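Next comes run37.csv, a file with CSV, C-alpha atoms and all ligand atoms.
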```
chain,number,residue,atom,x,y,z
B,1,MET,CA,-9.9,20.5,-4.1
B,2,THR,CA,-6.3,19.3,-3.9
B,3,SER,CA,-3.4,21.8,-3.9
B,4,TRP,CA,-0.9,22.3,-6.7
B,5,TRP,CA,1.8,20.6,-4.5
B,6,ASP,CA,-0.4,17.5,-4.0
B,7,ARG,CA,-1.3,17.3,-7.7
B,8,HIS,CA,2.2,17.8,-9.2
B,9,MET,CA,4.9,17.3,-6.6
B,10,VAL,CA,3.5,14.4,-4.5
B,11,PRO,CA,3.2,12.0,-7.5
B,12,ARG,CA,6.9,12.8,-8.4
B,13,LEU,CA,7.9,12.2,-4.8
B,14,ILE,CA,6.1,8.9,-4.6
B,15,ARG,CA,7.6,7.8,-8.0
B,16,TYR,CA,11.1,8.5,-6.7
B,17,CYS,CA,10.9,7.3,-3.1
B,18,CYS,CA,8.9,4.1,-3.8
B,19,ALA,CA,11.2,3.0,-6.6
B,20,GLN,CA,14.4,2.8,-4.6
B,21,PRO,CA,16.2,-0.5,-5.1
B,22,GLN,CA,15.9,-1.5,-1.5
B,23,ILE,CA,12.2,-0.9,-1.6
B,24,MET,CA,11.8,-2.8,-4.9
B,25,LYS,CA,13.6,-5.8,-3.3
B,26,ALA,CA,11.1,-5.8,-0.4
B,27,ARG,CA,8.2,-5.9,-2.9
B,28,SER,CA,9.7,-9.1,-4.3
B,29,HIS,CA,9.1,-10.8,-0.9
B,30,ILE,CA,5.3,-10.2,-0.8
B,31,VAL,CA,3.7,-9.3,-4.1
B,32,PRO,CA,4.4,-12.7,-5.8
B,33,LEU,CA,2.3,-14.4,-3.1
B,34,ALA,CA,-0.9,-12.9,-4.5
B,35,LYS,CA,-3.3,-15.4,-6.2
B,36,GLY,CA,-6.8,-15.8,-7.6
B,37,ASP,CA,-8.9,-12.6,-7.9
B,38,VAL,CA,-6.5,-9.9,-6.7
B,39,PHE,CA,-7.3,-6.4,-5.6
B,40,GLU,CA,-4.6,-3.8,-5.0
B,41,LEU,CA,-5.4,-0.9,-2.8
B,42,GLY,CA,-3.4,2.3,-3.5
B,43,CYS,CA,-2.0,0.7,-6.7
B,44,GLY,CA,-0.5,4.1,-7.6
B,45,GLY,CA,1.5,4.0,-10.8
B,46,GLY,CA,1.5,0.2,-11.0
B,47,ILE,CA,4.9,-0.2,-9.5
B,48,ASN,CA,4.0,-3.7,-8.2
B,49,LEU,CA,2.6,-5.0,-11.5
B,50,PRO,CA,5.9,-6.6,-12.6
B,51,PHE,CA,6.1,-8.6,-9.3
B,52,TYR,CA,2.8,-10.5,-9.7
B,53,ASP,CA,3.0,-14.2,-10.5
B,54,ARG,CA,0.8,-14.0,-13.7
B,55,SER,CA,0.2,-17.7,-13.6
B,56,ALA,CA,-1.4,-17.4,-10.2
B,57,VAL,CA,-3.5,-14.3,-10.8
B,58,ARG,CA,-7.0,-14.9,-12.3
B,59,SER,CA,-8.1,-11.3,-12.3
B,60,PHE,CA,-6.7,-8.0,-11.2
B,61,ALA,CA,-8.3,-4.8,-10.0
B,62,GLY,CA,-6.8,-1.7,-8.4
B,63,ILE,CA,-7.8,1.6,-7.1
B,64,ASP,CA,-6.0,4.8,-6.1
B,65,PRO,CA,-7.2,8.4,-5.6
B,66,THR,CA,-4.3,10.0,-7.4
B,67,GLU,CA,-5.3,10.4,-11.0
B,68,ALA,CA,-1.7,11.3,-12.2
B,69,LEU,CA,-0.5,7.9,-10.9
B,70,LEU,CA,-3.4,5.9,-12.2
B,71,ASN,CA,-2.6,6.9,-15.8
B,72,ASP,CA,0.9,5.3,-15.3
B,73,SER,CA,-0.9,2.2,-14.0
B,74,ARG,CA,-3.2,1.9,-17.0
B,75,ARG,CA,-0.3,2.4,-19.4
B,76,LEU,CA,1.8,-0.3,-17.7
B,77,THR,CA,-1.1,-2.8,-17.7
B,78,LYS,CA,-1.4,-2.3,-21.4
B,79,GLU,CA,2.4,-2.7,-21.9
B,80,ILE,CA,2.6,-5.9,-20.0
B,81,GLY,CA,-0.7,-7.2,-21.6
B,82,LEU,CA,-2.6,-7.6,-18.3
B,83,SER,CA,-6.3,-7.2,-18.4
B,84,ALA,CA,-7.1,-5.1,-15.4
B,85,ASN,CA,-9.8,-3.0,-13.8
B,86,ILE,CA,-8.0,0.1,-12.6
B,87,CYS,CA,-10.2,3.0,-11.3
B,88,ALA,CA,-10.2,6.0,-9.0
B,89,GLY,CA,-11.3,5.3,-5.5
B,90,VAL,CA,-10.3,5.3,-1.8
B,91,GLY,CA,-9.8,2.5,0.6
B,92,GLU,CA,-12.4,3.9,3.0
B,93,ASP,CA,-15.1,3.2,0.4
B,94,ILE,CA,-13.9,0.4,-1.9
B,95,PRO,CA,-16.1,0.2,-5.0
B,96,PHE,CA,-16.4,-3.6,-5.1
B,97,ALA,CA,-18.9,-6.1,-3.7
B,98,SER,CA,-18.3,-8.0,-0.5
B,99,HIS,CA,-16.3,-11.2,-0.6
B,100,SER,CA,-15.1,-10.6,-4.2
B,101,PHE,CA,-11.4,-11.1,-3.8
B,102,ASP,CA,-9.0,-13.9,-2.8
B,103,THR,CA,-6.1,-11.5,-2.2
B,104,VAL,CA,-5.9,-7.9,-1.2
B,105,VAL,CA,-2.5,-6.3,-1.6
B,106,THR,CA,-1.4,-3.0,0.1
B,107,THR,CA,2.1,-1.7,-0.2
B,108,PHE,CA,3.1,1.7,1.4
B,109,THR,CA,-0.6,2.8,1.4
B,110,LEU,CA,-1.9,2.5,4.9
B,111,CYS,CA,0.5,5.3,5.9
B,112,SER,CA,-1.4,7.7,3.7
B,113,VAL,CA,-5.1,6.9,4.0
B,114,HIS,CA,-7.3,9.2,6.1
B,115,ASP,CA,-9.0,6.5,8.2
B,116,PRO,CA,-6.9,3.3,8.6
B,117,ALA,CA,-9.6,1.5,10.7
B,118,ALA,CA,-12.3,2.2,8.1
B,119,VAL,CA,-9.9,0.9,5.3
B,120,LEU,CA,-9.1,-2.3,7.2
B,121,ALA,CA,-12.8,-2.9,7.7
B,122,GLU,CA,-13.3,-2.4,4.0
B,123,ILE,CA,-10.5,-4.9,3.2
B,124,ARG,CA,-12.2,-7.5,5.5
B,125,ARG,CA,-15.5,-6.8,3.7
B,126,ILE,CA,-14.2,-7.4,0.2
B,127,LEU,CA,-12.0,-10.5,1.1
B,128,ARG,CA,-13.5,-14.0,0.7
B,129,PRO,CA,-13.6,-15.9,4.1
B,130,ASP,CA,-10.5,-17.9,3.1
B,131,GLY,CA,-8.8,-14.9,1.5
B,132,VAL,CA,-5.7,-13.1,2.5
B,133,ALA,CA,-4.4,-9.5,2.8
B,134,LEU,CA,-0.8,-9.1,1.9
B,135,PHE,CA,0.9,-6.1,3.3
B,136,LEU,CA,4.2,-4.3,3.0
B,137,GLU,CA,4.2,-1.0,4.8
B,138,HIS,CA,6.5,1.4,6.6
B,139,GLY,CA,5.5,2.7,10.0
B,140,ALA,CA,6.1,2.9,13.7
B,141,ALA,CA,9.6,1.8,14.6
B,142,PRO,CA,10.2,-0.5,17.5
B,143,ASP,CA,13.0,1.6,19.0
B,144,ALA,CA,12.1,4.4,21.3
B,145,ASP,CA,14.7,6.9,20.1
B,146,VAL,CA,13.6,6.4,16.4
B,147,HIS,CA,9.9,6.6,17.4
B,148,LYS,CA,10.6,9.9,19.1
B,149,TRP,CA,12.0,11.3,15.9
B,150,GLN,CA,9.1,9.9,13.9
B,151,ARG,CA,6.7,11.8,16.1
B,152,ARG,CA,8.6,15.0,15.7
B,153,ILE,CA,8.9,14.8,11.9
B,154,GLU,CA,5.5,13.5,11.1
B,155,PRO,CA,3.4,16.7,11.5
B,156,VAL,CA,5.5,18.4,8.8
B,157,TRP,CA,6.2,15.3,6.6
B,158,LYS,CA,2.6,14.4,6.2
B,159,HIS,CA,1.8,17.8,4.7
B,160,MET,CA,4.7,17.4,2.2
B,161,ALA,CA,4.1,13.8,1.3
B,162,GLY,CA,0.5,13.2,0.5
B,163,ASN,CA,-0.7,12.5,4.1
B,164,CYS,CA,2.1,9.9,4.7
B,165,HIS,CA,2.3,9.1,8.4
B,166,LEU,CA,5.4,7.8,10.1
B,167,THR,CA,4.0,6.5,13.4
B,168,ARG,CA,1.2,4.1,12.3
B,169,PRO,CA,1.4,0.5,13.5
B,170,ILE,CA,1.7,-2.1,10.7
B,171,GLY,CA,1.1,-5.7,11.6
B,172,ASP,CA,-0.5,-4.6,14.9
B,173,ALA,CA,-3.0,-2.5,13.0
B,174,TYR,CA,-4.3,-5.6,11.2
B,175,GLN,CA,-4.3,-7.6,14.5
B,176,SER,CA,-6.4,-4.8,16.1
B,177,ALA,CA,-8.8,-4.9,13.2
B,178,GLY,CA,-9.5,-8.6,13.9
B,179,PHE,CA,-7.2,-10.2,11.3
B,180,GLN,CA,-5.0,-13.2,12.2
B,181,THR,CA,-1.7,-11.7,11.3
B,182,GLU,CA,1.6,-13.3,10.4
B,183,VAL,CA,4.6,-10.9,10.0
B,184,LEU,CA,6.9,-12.5,7.5
B,185,GLY,CA,9.7,-10.0,7.8
B,186,ASN,CA,10.7,-6.6,9.2
B,187,ARG,CA,13.7,-4.4,9.1
B,188,TYR,CA,15.1,-0.9,8.8
B,189,THR,CA,15.5,-0.3,5.1
B,190,PRO,CA,19.2,0.1,4.3
B,191,LYS,CA,20.5,3.5,3.2
B,192,THR,CA,17.4,5.3,4.5
B,193,PRO,CA,17.1,7.7,7.5
B,194,ARG,CA,15.7,5.6,10.3
B,195,PRO,CA,12.5,7.5,11.0
B,196,PHE,CA,11.5,6.7,7.4
B,197,ALA,CA,13.1,3.2,7.3
B,198,TRP,CA,11.1,0.7,9.4
B,199,ILE,CA,9.1,-1.7,7.2
B,200,GLU,CA,7.1,-4.8,7.9
B,201,TRP,CA,5.6,-7.3,5.4
B,202,GLY,CA,3.3,-10.2,6.0
B,203,GLN,CA,-0.1,-11.7,5.6
B,204,ALA,CA,-3.4,-11.2,7.4
B,205,ARG,CA,-6.5,-13.4,7.3
B,206,PRO,CA,-10.0,-12.3,8.2
B,301,LIG,C1,3.4,6.2,-0.8
B,301,LIG,S1,2.3,5.9,-2.0
B,301,LIG,C2,2.5,4.2,-2.4
B,301,LIG,C3,2.1,3.8,-3.8
B,301,LIG,C4,2.2,2.3,-4.1
B,301,LIG,N1,1.2,1.6,-3.3
B,301,LIG,C5,3.6,1.8,-3.9
B,301,LIG,O1,3.7,0.7,-3.3
B,301,LIG,O2,4.5,2.4,-4.3
B,301,LIG,C6,0.7,6.0,-1.2
B,301,LIG,C7,-0.4,5.7,-2.2
B,301,LIG,O3,-1.6,5.7,-1.4
B,301,LIG,C8,-2.6,6.3,-2.2
B,301,LIG,N2,-3.6,6.8,-1.3
B,301,LIG,C9,-3.7,7.9,-0.5
B,301,LIG,N3,-4.8,7.9,0.2
B,301,LIG,C10,-5.5,6.8,-0.1
B,301,LIG,C11,-6.8,6.3,0.2
B,301,LIG,N4,-7.6,6.9,1.1
B,301,LIG,N5,-7.2,5.1,-0.3
B,301,LIG,C12,-6.4,4.5,-1.2
B,301,LIG,N6,-5.2,4.9,-1.6
B,301,LIG,C13,-4.8,6.1,-1.1
B,301,LIG,C14,-1.8,7.5,-2.8
B,301,LIG,O4,-2.5,8.0,-3.9
B,301,LIG,C15,-0.6,6.7,-3.2
B,301,LIG,O5,-0.6,6.1,-4.5
```

Hey, can you dump this file as structure tokens for me?
Ligand SMILES: C[S@@+](CC[C@H](N)C(=O)[O-])C[C@H]1O[C@@H](n2cnc3c(N)ncnc32)[C@H](O)[C@@H]1O
Amino acid sequence: MTSWWDRHMVPRLIRYCCAQPQIMKARSHIVPLAKGDVFELGCGGGINLPFYDRSAVRSFAGIDPTEALLNDSRRLTKEIGLSANICAGVGEDIPFASHSFDTVVTTFTLCSVHDPAAVLAEIRRILRPDGVALFLEHGAAPDADVHKWQRRIEPVWKHMAGNCHLTRPIGDAYQSAGFQTEVLGNRYTPKTPRPFAWIEWGQARP
């Protein structure tokens, strides 16, 4: 049973923080690379949908555990005329068959899952052997002083922000899970307090 805060305030916080212009710009670097049968983990309110290259996407499926956000996603797919399979679910137990997708997209989601290793194993399972996982995530900063503040803030922040962690590795997490990882970009997001600002985007192949 989730709390009142998680049901009502966290979706609002996600809608606001994840739609900042500097975050939207970062999405434009990675989401348009998706092609074929595409699965988005933690699709939330469908904020990435306008960034997909519709001519390259054959089919689209997405899951998220937050029902309030999924309704936004379903409404948006109807508005833009995209036939999509959007359902409730978690990355630790993805409700699709093995080797069913060419591309898996995750943006700002691995920070919030309960078991990142289990989620990465599930992403490997559902990807075709020549498939690719595209990621854009925030996480552990490379600078020691920023990382120190991330460790201090995280215990409080994760309770306020839907289990969002600040200290999780990004590209390195895919590497440790056995993916061949190529980081295409990283930076501190402008106009954002540094403990929340480090982002990386890239692609990982099983
Ligand atoms: C910070 S929000 C990001 C939403 C969206 N991906 C974006 O780019 O704006 C984190 C998302 O992860 C979802 N989430 C949390 N735990 C999850 C899990 N175990 N499996 C899949 N998604 C999860 C949340 O419901 C939320 O939509």

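The closest residue to Pro193 of chain B, picked from B:Pro11, B:Leu166, B:Ile94, B:Gly62 and counting all atoms listed in the file, is B:Leu166.
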
Residues within 9 Å of segment 116-124 of chain B, only C-alpha atoms, excluding chain neighbours under 4 positions, as a ChimeraX atom specification: /B:41,90-94,98-99,104,110-112,128-129,133,168,173-174,176-179,205-206

Would you mind exporting C-alpha atoms of the selected residues as a tab-separated table (two decimals), in the coordinates of the input?
```
chain	number	residue	atom	x	y	z
B	41	LEU	CA	-5.40	-0.90	-2.80
B	90	VAL	CA	-10.30	5.30	-1.80
B	91	GLY	CA	-9.80	2.50	0.60
B	92	GLU	CA	-12.40	3.90	3.00
B	93	ASP	CA	-15.10	3.20	0.40
B	94	ILE	CA	-13.90	0.40	-1.90
B	98	SER	CA	-18.30	-8.00	-0.50
B	99	HIS	CA	-16.30	-11.20	-0.60
B	104	VAL	CA	-5.90	-7.90	-1.20
B	110	LEU	CA	-1.90	2.50	4.90
B	111	CYS	CA	0.50	5.30	5.90
B	112	SER	CA	-1.40	7.70	3.70
B	128	ARG	CA	-13.50	-14.00	0.70
B	129	PRO	CA	-13.60	-15.90	4.10
B	133	ALA	CA	-4.40	-9.50	2.80
B	168	ARG	CA	1.20	4.10	12.30
B	173	ALA	CA	-3.00	-2.50	13.00
B	174	TYR	CA	-4.30	-5.60	11.20
B	176	SER	CA	-6.40	-4.80	16.10
B	177	ALA	CA	-8.80	-4.90	13.20
B	178	GLY	CA	-9.50	-8.60	13.90
B	179	PHE	CA	-7.20	-10.20	11.30
B	205	ARG	CA	-6.50	-13.40	7.30
B	206	PRO	CA	-10.00	-12.30	8.20
```

Proximity to ligand LIG 301 (chain B) - best of B:Cys43, B:Ala204, B:Met9, B:Leu127, all atoms listed in the file: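 Of B:Cys43, B:Ala204, B:Met9, B:Leu127, the one nearest ligand LIG 301 (chain B) is B:Cys43, counting all atoms listed in the file.
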
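In terms of minimum interatomic distance to Arg187 of chain B, B:Gln22 ranks closest within B:Arg58, B:Leu69, B:His114, B:Gln22, counting all atoms listed in the file.
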
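Here atom CA of Val57 of chain B is placed at a distance of 23.1 Å from atom CA of Ala19 of chain B.
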
Protein and nucleic residues near ligand LIG 301 (chain B), 7 Å, all atoms listed in the file, as a VMD selection string: chain B and resid 14 18 41 to 45 47 to 48 63 to 66 69 89 to 92 106 to 109 112 to 114 162 164

Which polymer residues, whether protein, DNA or RNA, lie within 12 Å of the coordinate (18.1, -4.5, 4.8) when you count all atoms listed in the file? List them as an mmCIF file with C-alpha atoms, in the coordinates of the input, using the chain letters and numbers from the file.
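As a result, part_39.cif now contains:
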```
data_model
loop_
_atom_site.group_PDB
_atom_site.id
_atom_site.type_symbol
_atom_site.label_atom_id
_atom_site.label_comp_id
_atom_site.auth_asym_id
_atom_site.auth_seq_id
_atom_site.Cartn_x
_atom_site.Cartn_y
_atom_site.Cartn_z
ATOM 1 C CA PRO B 21 16.200 -0.500 -5.100
ATOM 2 C CA GLN B 22 15.900 -1.500 -1.500
ATOM 3 C CA ILE B 23 12.200 -0.900 -1.600
ATOM 4 C CA MET B 24 11.800 -2.800 -4.900
ATOM 5 C CA LYS B 25 13.600 -5.800 -3.300
ATOM 6 C CA ALA B 26 11.100 -5.800 -0.400
ATOM 7 C CA GLY B 185 9.700 -10.000 7.800
ATOM 8 C CA ASN B 186 10.700 -6.600 9.200
ATOM 9 C CA ARG B 187 13.700 -4.400 9.100
ATOM 10 C CA TYR B 188 15.100 -0.900 8.800
ATOM 11 C CA THR B 189 15.500 -0.300 5.100
ATOM 12 C CA PRO B 190 19.200 0.100 4.300
ATOM 13 C CA LYS B 191 20.500 3.500 3.200
ATOM 14 C CA THR B 192 17.400 5.300 4.500
ATOM 15 C CA ARG B 194 15.700 5.600 10.300
ATOM 16 C CA ALA B 197 13.100 3.200 7.300
ATOM 17 C CA TRP B 198 11.100 0.700 9.400
ATOM 18 C CA ILE B 199 9.100 -1.700 7.200
ATOM 19 C CA GLU B 200 7.100 -4.800 7.900
#
```

Polymer residues at most 10 Å from Asn85 of chain B, only C-alpha atoms, same-chain spacing of 5 or more positions, as a list in words: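 Listing them by chain and then by number gives Phe39, Ser59, Phe60, Ala61, Gly62, Ile63, Arg74 and Thr77 of chain B.
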
Gap from atom CA of His29 of chain B to atom CA of Asp143 of chain B - Å, one decimal: 23.8 Å

Polymer residues at most 12 Å from (4.5, 3.6, 19.8) by all atoms listed in the file, as a VMD selection string: chain B and resid 139 to 151 166 to 170 172 to 173

Point-to-point distance from atom CA of Gln180 of chain B to atom CA of Lys35 of chain B, Å rounded to tenths: 18.6 Å

Which of B:Val31, B:Ile153, B:Ala56, B:Ile86 sits closest to Phe196 of chain B [using all atoms listed in the file]: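 Of B:Val31, B:Ile153, B:Ala56, B:Ile86, the one nearest Phe196 of chain B is B:Ile153, counting all atoms listed in the file.
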